[in-house]
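Take a look at the structure below.
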Amino acid sequence: MIGKQKLPDVFAQHPQVMSGALVFKGTRVPVQTFFDHLDHGGTLEEFLQWYDGVTREQLEAAEEIRTAATT
């Protein structure tokens with residue numbers, strides 16, 4: 001399980017980046033975009049191909065956090 005200390009390595013949030021939306025660190029890709037992608041049957045592999053700069057580790061951490069939040 002990802003620890004809270006790792007969250008800054010995965011996500012970033014700043015009022016001047018994507019209007020303050022939570023994004024994957026080092027990108028302008030909102031985390032919600034990834035969750036919406038999964039909700040519509042998308043795969044991790046597709047997302048990695050479509051969004052440069054997002055890493056597999058970031059996506060796996062986001063999935064883990066989302067799963068923990070819904071259980």
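Letters A, B, ... go to the chains of the structure tokens in the order shown; residues in each chain start at 1; ligands are counted from 1 in the same order.
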
Practice item. Mind checking which residues fall within 10 Å of Leu59 (chain A), counting only C-alpha atoms, ignoring those fewer than 6 positions away in the same chain, and posting them as an MDAnalysis selection string? Key: chainID A and resid 10 24 31 34:35 44:45 47:48 65

Check your understanding: Any idea what's packed within 9 Å of Gln58 (chain A), counting only C-alpha atoms, ignoring anything in its chain fewer than 3 positions away? Could you give it as a PyMOL selection string?
Key -> chain A and resi 9-11+24-25+54-55+61-63

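Within region 8-61 of chain A, DSSP applied to the backbone places the following residues in strand (DSSP E): Phe11, Ala12, Val23 and Phe24 of chain A.
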
For C-alpha atoms, I'd like the residues from the last selection saved as a PDB file, in the first residue's frame.
ATOM      1  CA  PHE A  11       0.250  13.890  -7.356  1.00  0.00           C
ATOM      2  CA  ALA A  12       0.503  17.662  -7.458  1.00  0.00           C
ATOM      3  CA  VAL A  23      -2.793  16.209 -11.474  1.00  0.00           C
ATOM      4  CA  PHE A  24      -0.112  13.593 -11.883  1.00  0.00           C
TER       5      PHE A  24
END

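For the atom pair formed by CA of Trp50 (chain A) and CA of Ala69 (chain A), the distance is 25.9 Å, given to one decimal.
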
**Study point:** Expected answer as a ChimeraX atom specification: alpha helix (DSSP H) residues in chain A
**Key:** /A:7-10,31-39,44-50,56-70

**Study point:** Nearest to Gly53 (chain A), chosen from A:Leu38, A:Gln32, A:Thr67, A:Thr27, with only C-alpha atoms counted in the distances
**Key:** A:Thr27
